[in-house]
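Quick notes on the structure that follows.
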Amino acid sequence: MAMGLFRVCLVVVTAIINHPLLFPRENATVPENEEEIIRKMQEHQEKLQMEQLRLEEEVSRLVAEKEALRQIEDEDQQQQLEAHTTWDLWSTLCMILFLIIEVWRQDHQDGTFLDCLGGDEDELSGPGGAPLRGLPLPNRATLDHFYEHCIRSATGDATRTREFVEGFVDDLLEALRSICNRNTDMEMEDFIGVGSMYENWQVERPLLCHLFVPFVPPEPYSFHPEFWSSHLSMPLERQGYGQIKVTLADGDSLGCICGKTKLGEDMLCLLHGRNRGAWPRSGGSNEMEDLLCSRESSYLDAMQVMKWFQTALTKAWHRISHKYEFDLAFGELDTPGSLKIKFRSGKFMPFVLTPVIQCNDSDLYFTSQLPKEPCRGAPASNTDWLLSFAVYERQFLRMTAKALPEGACHLSCLQIASFLLSKQSRLTGPSGLSDYHLKTALLHLLLSRQAADWKASQLDVRLQELFCFLERSLLEKKLHHFFVGNHKVPEAMGLPEVVRRAEPLNLFRSFVLQRTLYRHTVDSFYEMLKNAPTLISEYSLHVPSDRASPPPKAVAL
């Protein structure tokens, strides 16, 4: 009974404790908090959705802006590309137009210049004319008087001088051949007269004969010339030069044949000088110094050839010196082939012997003589040989003279200009202008002018035209070589095709860099024109006493 009552009480107490009204604060608000939480969560979700929408709109806007910027950049690049393409097109067109104008100007500059000067010949001596800075030249009567009394009389013994020098050189070369071995030494051919003495416009005293002495190698050697135009990257200072390659007839490499032939003391080998060791030798550096070819090369050395030539001439003179009553000595140091005959009376007679190599079967010759003109400069290498057109120049003057009127004034113009230049050089020192430039200008005028324009009565007009041509060339720093790349030269001259197809060679190219020399040359040129009337008048009245003294005859013992 008690146990049952206890159980009833326990159930009642448990029911009372677990009744929900016993703790109203804790259990009664639970449903309300859940709704608040749900509501807040819904509001937060709505905010998140709104923020997501805003972010999506922002991303869309940024993507749109980026796409717009990309389109703008693409348009700019397209415009720049089109502008660049258009600029390249215009640049190309302008360059082509410039080249066309330059080619046209070069092709017509001589004719246009002559037309401008010769359209009205009275304008040449006009006081207000721009040519020659308005400096007047002597009139024709003064020039005629000066030429007859100072130039013609001074060169009257030119023929006798040539005959004397040629006779002596014949004897000298014959003696040289006698000391050479035909099997091992170079063979000297007959000399060729070149220059002003053989073109009949020599002015300066003493009269100077310039002779080329061609030489050829013995069998089985051969000379193979190489022009500067065959090299695409040839520097400006080496234009006009070439190289001589020494080869064997069968194309094998070089070799010395001294050991195969017994040589005497006076015999000279092609490849060797005083030392005749076989080439090459192991460790033979001393022998290499005496080779006529450049060190470790198969190209002919110009300086070694000149040394060989001087040695040969000295030995040849010792063989024949007993036959003559004069002495022979080497002349100017800057002209290795310069010789001087010294007479017992104290007078002397200079001449130049230059060893040359004929270019194939043409009249072109490679010469080892160093150029004396400041504007030309020395060759860059001892294997560079200067290409000489001296024989072609003499032939062109002879051919042209046949078509000119009798007593034509072309050589008179050249002689007067050369006289004035030489006197000016003595006053102010040598400049970049030489007699060769004067002759080149004359050759251009002879090719452009009609034959009737060179009558003797036109001496003053042609002389002024020659100086105007030189003035224009100096101001433009451009005087083209007469033969190289000149398509106007008659084909009858027989120039090699490689010379006709070559680019024109500017003889004034060094003036572009040598500004001091150029300034001095221009000043000296105008000073020469300024002094011309005074010089011509003075020399016409007072002819120097040493003008007419013919050379003594050579006496053979």
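Chain labels follow the order of the structure tokens: the first chain is A, the next B, and so on; residue numbering restarts at 1 in every chain, and ligands are counted from 1 in their shown order.
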I want to know what sits within 12 Å of Pro490 of chain A, based on only C-alpha atoms, with residues of the same chain fewer than 3 positions away left out; could you give that as a PDB file with all heavy atoms, in the first residue's frame?
```pdb
ATOM      1  N   TYR A 392      93.807  55.242-123.445  1.00  0.00           N
ATOM      2  CA  TYR A 392      92.496  55.564-123.998  1.00  0.00           C
ATOM      3  C   TYR A 392      92.300  57.079-124.113  1.00  0.00           C
ATOM      4  O   TYR A 392      91.686  57.565-125.073  1.00  0.00           O
ATOM      5  CB  TYR A 392      91.394  54.963-123.131  1.00  0.00           C
ATOM      6  CG  TYR A 392      91.136  53.501-123.387  1.00  0.00           C
ATOM      7  CD1 TYR A 392      91.408  52.550-122.414  1.00  0.00           C
ATOM      8  CD2 TYR A 392      90.624  53.062-124.609  1.00  0.00           C
ATOM      9  CE1 TYR A 392      91.173  51.202-122.640  1.00  0.00           C
ATOM     10  CE2 TYR A 392      90.384  51.717-124.850  1.00  0.00           C
ATOM     11  CZ  TYR A 392      90.668  50.797-123.866  1.00  0.00           C
ATOM     12  OH  TYR A 392      90.439  49.456-124.104  1.00  0.00           O
ATOM     13  N   GLN A 395      94.145  58.246-127.134  1.00  0.00           N
ATOM     14  CA  GLN A 395      93.437  57.836-128.349  1.00  0.00           C
ATOM     15  C   GLN A 395      92.180  58.676-128.580  1.00  0.00           C
ATOM     16  O   GLN A 395      91.871  59.034-129.714  1.00  0.00           O
ATOM     17  CB  GLN A 395      93.069  56.356-128.249  1.00  0.00           C
ATOM     18  CG  GLN A 395      94.263  55.412-128.264  1.00  0.00           C
ATOM     19  CD  GLN A 395      93.855  53.963-128.059  1.00  0.00           C
ATOM     20  OE1 GLN A 395      92.680  53.658-127.839  1.00  0.00           O
ATOM     21  NE2 GLN A 395      94.809  53.052-128.115  1.00  0.00           N
ATOM     22  N   PHE A 396      91.465  59.001-127.495  1.00  0.00           N
ATOM     23  CA  PHE A 396      90.248  59.807-127.651  1.00  0.00           C
ATOM     24  C   PHE A 396      90.587  61.210-128.155  1.00  0.00           C
ATOM     25  O   PHE A 396      89.882  61.755-129.019  1.00  0.00           O
ATOM     26  CB  PHE A 396      89.500  59.893-126.328  1.00  0.00           C
ATOM     27  CG  PHE A 396      88.251  60.722-126.392  1.00  0.00           C
ATOM     28  CD1 PHE A 396      87.074  60.199-126.920  1.00  0.00           C
ATOM     29  CD2 PHE A 396      88.241  62.037-125.940  1.00  0.00           C
ATOM     30  CE1 PHE A 396      85.919  60.968-126.989  1.00  0.00           C
ATOM     31  CE2 PHE A 396      87.096  62.806-126.006  1.00  0.00           C
ATOM     32  CZ  PHE A 396      85.928  62.272-126.537  1.00  0.00           C
ATOM     33  N   MET A 399      91.404  60.892-131.839  1.00  0.00           N
ATOM     34  CA  MET A 399      90.200  60.637-132.637  1.00  0.00           C
ATOM     35  C   MET A 399      89.338  61.893-132.736  1.00  0.00           C
ATOM     36  O   MET A 399      88.798  62.201-133.802  1.00  0.00           O
ATOM     37  CB  MET A 399      89.403  59.497-131.998  1.00  0.00           C
ATOM     38  CG  MET A 399      88.141  59.106-132.769  1.00  0.00           C
ATOM     39  SD  MET A 399      87.228  57.769-131.948  1.00  0.00           S
ATOM     40  CE  MET A 399      86.673  58.629-130.471  1.00  0.00           C
ATOM     41  N   THR A 400      89.220  62.624-131.633  1.00  0.00           N
ATOM     42  CA  THR A 400      88.409  63.838-131.646  1.00  0.00           C
ATOM     43  C   THR A 400      89.043  64.917-132.506  1.00  0.00           C
ATOM     44  O   THR A 400      88.334  65.665-133.199  1.00  0.00           O
ATOM     45  CB  THR A 400      88.224  64.349-130.207  1.00  0.00           C
ATOM     46  OG1 THR A 400      87.663  63.306-129.407  1.00  0.00           O
ATOM     47  CG2 THR A 400      87.297  65.544-130.176  1.00  0.00           C
ATOM     48  N   LEU A 447      83.044  65.885-125.662  1.00  0.00           N
ATOM     49  CA  LEU A 447      82.004  64.919-125.999  1.00  0.00           C
ATOM     50  C   LEU A 447      80.636  65.583-126.122  1.00  0.00           C
ATOM     51  O   LEU A 447      79.763  65.071-126.818  1.00  0.00           O
ATOM     52  CB  LEU A 447      81.955  63.824-124.922  1.00  0.00           C
ATOM     53  CG  LEU A 447      81.173  62.543-125.263  1.00  0.00           C
ATOM     54  CD1 LEU A 447      81.771  61.854-126.482  1.00  0.00           C
ATOM     55  CD2 LEU A 447      81.163  61.599-124.074  1.00  0.00           C
ATOM     56  N   PHE A 482      85.820  60.195-116.873  1.00  0.00           N
ATOM     57  CA  PHE A 482      85.317  60.306-118.240  1.00  0.00           C
ATOM     58  C   PHE A 482      84.932  58.955-118.827  1.00  0.00           C
ATOM     59  O   PHE A 482      83.952  58.861-119.589  1.00  0.00           O
ATOM     60  CB  PHE A 482      86.361  60.969-119.133  1.00  0.00           C
ATOM     61  CG  PHE A 482      85.925  61.109-120.573  1.00  0.00           C
ATOM     62  CD1 PHE A 482      84.908  61.990-120.917  1.00  0.00           C
ATOM     63  CD2 PHE A 482      86.498  60.345-121.568  1.00  0.00           C
ATOM     64  CE1 PHE A 482      84.482  62.112-122.232  1.00  0.00           C
ATOM     65  CE2 PHE A 482      86.084  60.461-122.884  1.00  0.00           C
ATOM     66  CZ  PHE A 482      85.075  61.355-123.217  1.00  0.00           C
ATOM     67  N   PHE A 483      85.641  57.896-118.477  1.00  0.00           N
ATOM     68  CA  PHE A 483      85.401  56.603-119.109  1.00  0.00           C
ATOM     69  C   PHE A 483      84.550  55.658-118.252  1.00  0.00           C
ATOM     70  O   PHE A 483      83.708  54.932-118.788  1.00  0.00           O
ATOM     71  CB  PHE A 483      86.732  55.916-119.434  1.00  0.00           C
ATOM     72  CG  PHE A 483      87.498  56.575-120.547  1.00  0.00           C
ATOM     73  CD1 PHE A 483      88.620  57.344-120.274  1.00  0.00           C
ATOM     74  CD2 PHE A 483      87.089  56.439-121.863  1.00  0.00           C
ATOM     75  CE1 PHE A 483      89.325  57.958-121.293  1.00  0.00           C
ATOM     76  CE2 PHE A 483      87.782  57.052-122.893  1.00  0.00           C
ATOM     77  CZ  PHE A 483      88.907  57.807-122.608  1.00  0.00           C
ATOM     78  N   ASN A 486      80.530  55.749-118.306  1.00  0.00           N
ATOM     79  CA  ASN A 486      80.056  56.787-119.229  1.00  0.00           C
ATOM     80  C   ASN A 486      79.581  56.120-120.520  1.00  0.00           C
ATOM     81  O   ASN A 486      80.396  55.706-121.353  1.00  0.00           O
ATOM     82  CB  ASN A 486      81.166  57.793-119.513  1.00  0.00           C
ATOM     83  CG  ASN A 486      80.664  59.010-120.280  1.00  0.00           C
ATOM     84  OD1 ASN A 486      79.497  59.081-120.672  1.00  0.00           O
ATOM     85  ND2 ASN A 486      81.537  59.972-120.499  1.00  0.00           N
ATOM     86  N   HIS A 487      78.259  56.035-120.681  1.00  0.00           N
ATOM     87  CA  HIS A 487      77.704  55.371-121.861  1.00  0.00           C
ATOM     88  C   HIS A 487      77.786  56.239-123.113  1.00  0.00           C
ATOM     89  O   HIS A 487      77.484  55.756-124.213  1.00  0.00           O
ATOM     90  CB  HIS A 487      76.251  54.995-121.595  1.00  0.00           C
ATOM     91  CG  HIS A 487      76.067  54.073-120.421  1.00  0.00           C
ATOM     92  ND1 HIS A 487      76.408  52.740-120.456  1.00  0.00           N
ATOM     93  CD2 HIS A 487      75.604  54.298-119.162  1.00  0.00           C
ATOM     94  CE1 HIS A 487      76.156  52.177-119.286  1.00  0.00           C
ATOM     95  NE2 HIS A 487      75.667  53.107-118.473  1.00  0.00           N
ATOM     96  N   MET A 493      85.957  53.221-129.234  1.00  0.00           N
ATOM     97  CA  MET A 493      87.116  53.279-128.344  1.00  0.00           C
ATOM     98  C   MET A 493      87.509  51.877-127.867  1.00  0.00           C
ATOM     99  O   MET A 493      88.656  51.657-127.486  1.00  0.00           O
ATOM    100  CB  MET A 493      86.816  54.169-127.135  1.00  0.00           C
ATOM    101  CG  MET A 493      86.620  55.640-127.459  1.00  0.00           C
ATOM    102  SD  MET A 493      88.123  56.389-128.103  1.00  0.00           S
ATOM    103  CE  MET A 493      89.239  56.103-126.753  1.00  0.00           C
ATOM    104  N   GLY A 494      86.557  50.948-127.873  1.00  0.00           N
ATOM    105  CA  GLY A 494      86.876  49.580-127.474  1.00  0.00           C
ATOM    106  C   GLY A 494      87.077  49.400-125.987  1.00  0.00           C
ATOM    107  O   GLY A 494      87.894  48.565-125.560  1.00  0.00           O
ATOM    108  N   LEU A 495      86.347  50.158-125.177  1.00  0.00           N
ATOM    109  CA  LEU A 495      86.459  49.993-123.729  1.00  0.00           C
ATOM    110  C   LEU A 495      85.943  48.621-123.302  1.00  0.00           C
ATOM    111  O   LEU A 495      84.970  48.120-123.872  1.00  0.00           O
ATOM    112  CB  LEU A 495      85.657  51.079-123.012  1.00  0.00           C
ATOM    113  CG  LEU A 495      86.261  52.475-122.929  1.00  0.00           C
ATOM    114  CD1 LEU A 495      85.244  53.437-122.325  1.00  0.00           C
ATOM    115  CD2 LEU A 495      87.536  52.466-122.107  1.00  0.00           C
ATOM    116  N   ARG A 500      82.379  49.899-118.937  1.00  0.00           N
ATOM    117  CA  ARG A 500      81.185  50.604-119.403  1.00  0.00           C
ATOM    118  C   ARG A 500      79.999  50.354-118.470  1.00  0.00           C
ATOM    119  O   ARG A 500      79.158  51.238-118.273  1.00  0.00           O
ATOM    120  CB  ARG A 500      80.829  50.164-120.826  1.00  0.00           C
ATOM    121  CG  ARG A 500      81.917  50.444-121.856  1.00  0.00           C
ATOM    122  CD  ARG A 500      81.491  49.971-123.234  1.00  0.00           C
ATOM    123  NE  ARG A 500      80.352  50.735-123.707  1.00  0.00           N
ATOM    124  CZ  ARG A 500      80.446  51.864-124.426  1.00  0.00           C
ATOM    125  NH1 ARG A 500      81.639  52.343-124.723  1.00  0.00           N
ATOM    126  NH2 ARG A 500      79.369  52.489-124.834  1.00  0.00           N
TER     127      ARG A 500
END
```
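Of the residues under consideration (A:Gly242, A:Gly337, A:Pro533, A:Pro136), A:Gly337 shows the shortest atom-to-atom contact distance to Phe351 of chain A when counting only C-alpha atoms.
Note that the spacing between atom CA of Cys293 of chain A and atom CA of Lys245 of chain A amounts to 8.7 Å.
Of the residues under consideration (A:Ile320, A:Leu173, A:Ile100, A:Val356), A:Val356 shows the shortest atom-to-atom contact distance to Pro225 of chain A when counting only C-alpha atoms.
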Next item on the list: Could you check how far atom CA of Val216 of chain A sits from atom CA of Met188 of chain A, in Å to one decimal?
Entry: 6.8 Å
Checklist line | From A:Pro217, A:Lys530, A:Leu328, A:Gln243, residue lying nearest Arg182 of chain A [only C-alpha atoms] | finding: A:Pro217
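Nearest-residue note for Arg344 of chain A: choosing from A:Glu325, A:Asp460, A:Lys40, A:Gln358, the minimum distance belongs to A:Glu325, counting only C-alpha atoms.
Between atom CA of His481 of chain A and atom CA of Ser338 of chain A lies a distance of 25.6 Å.
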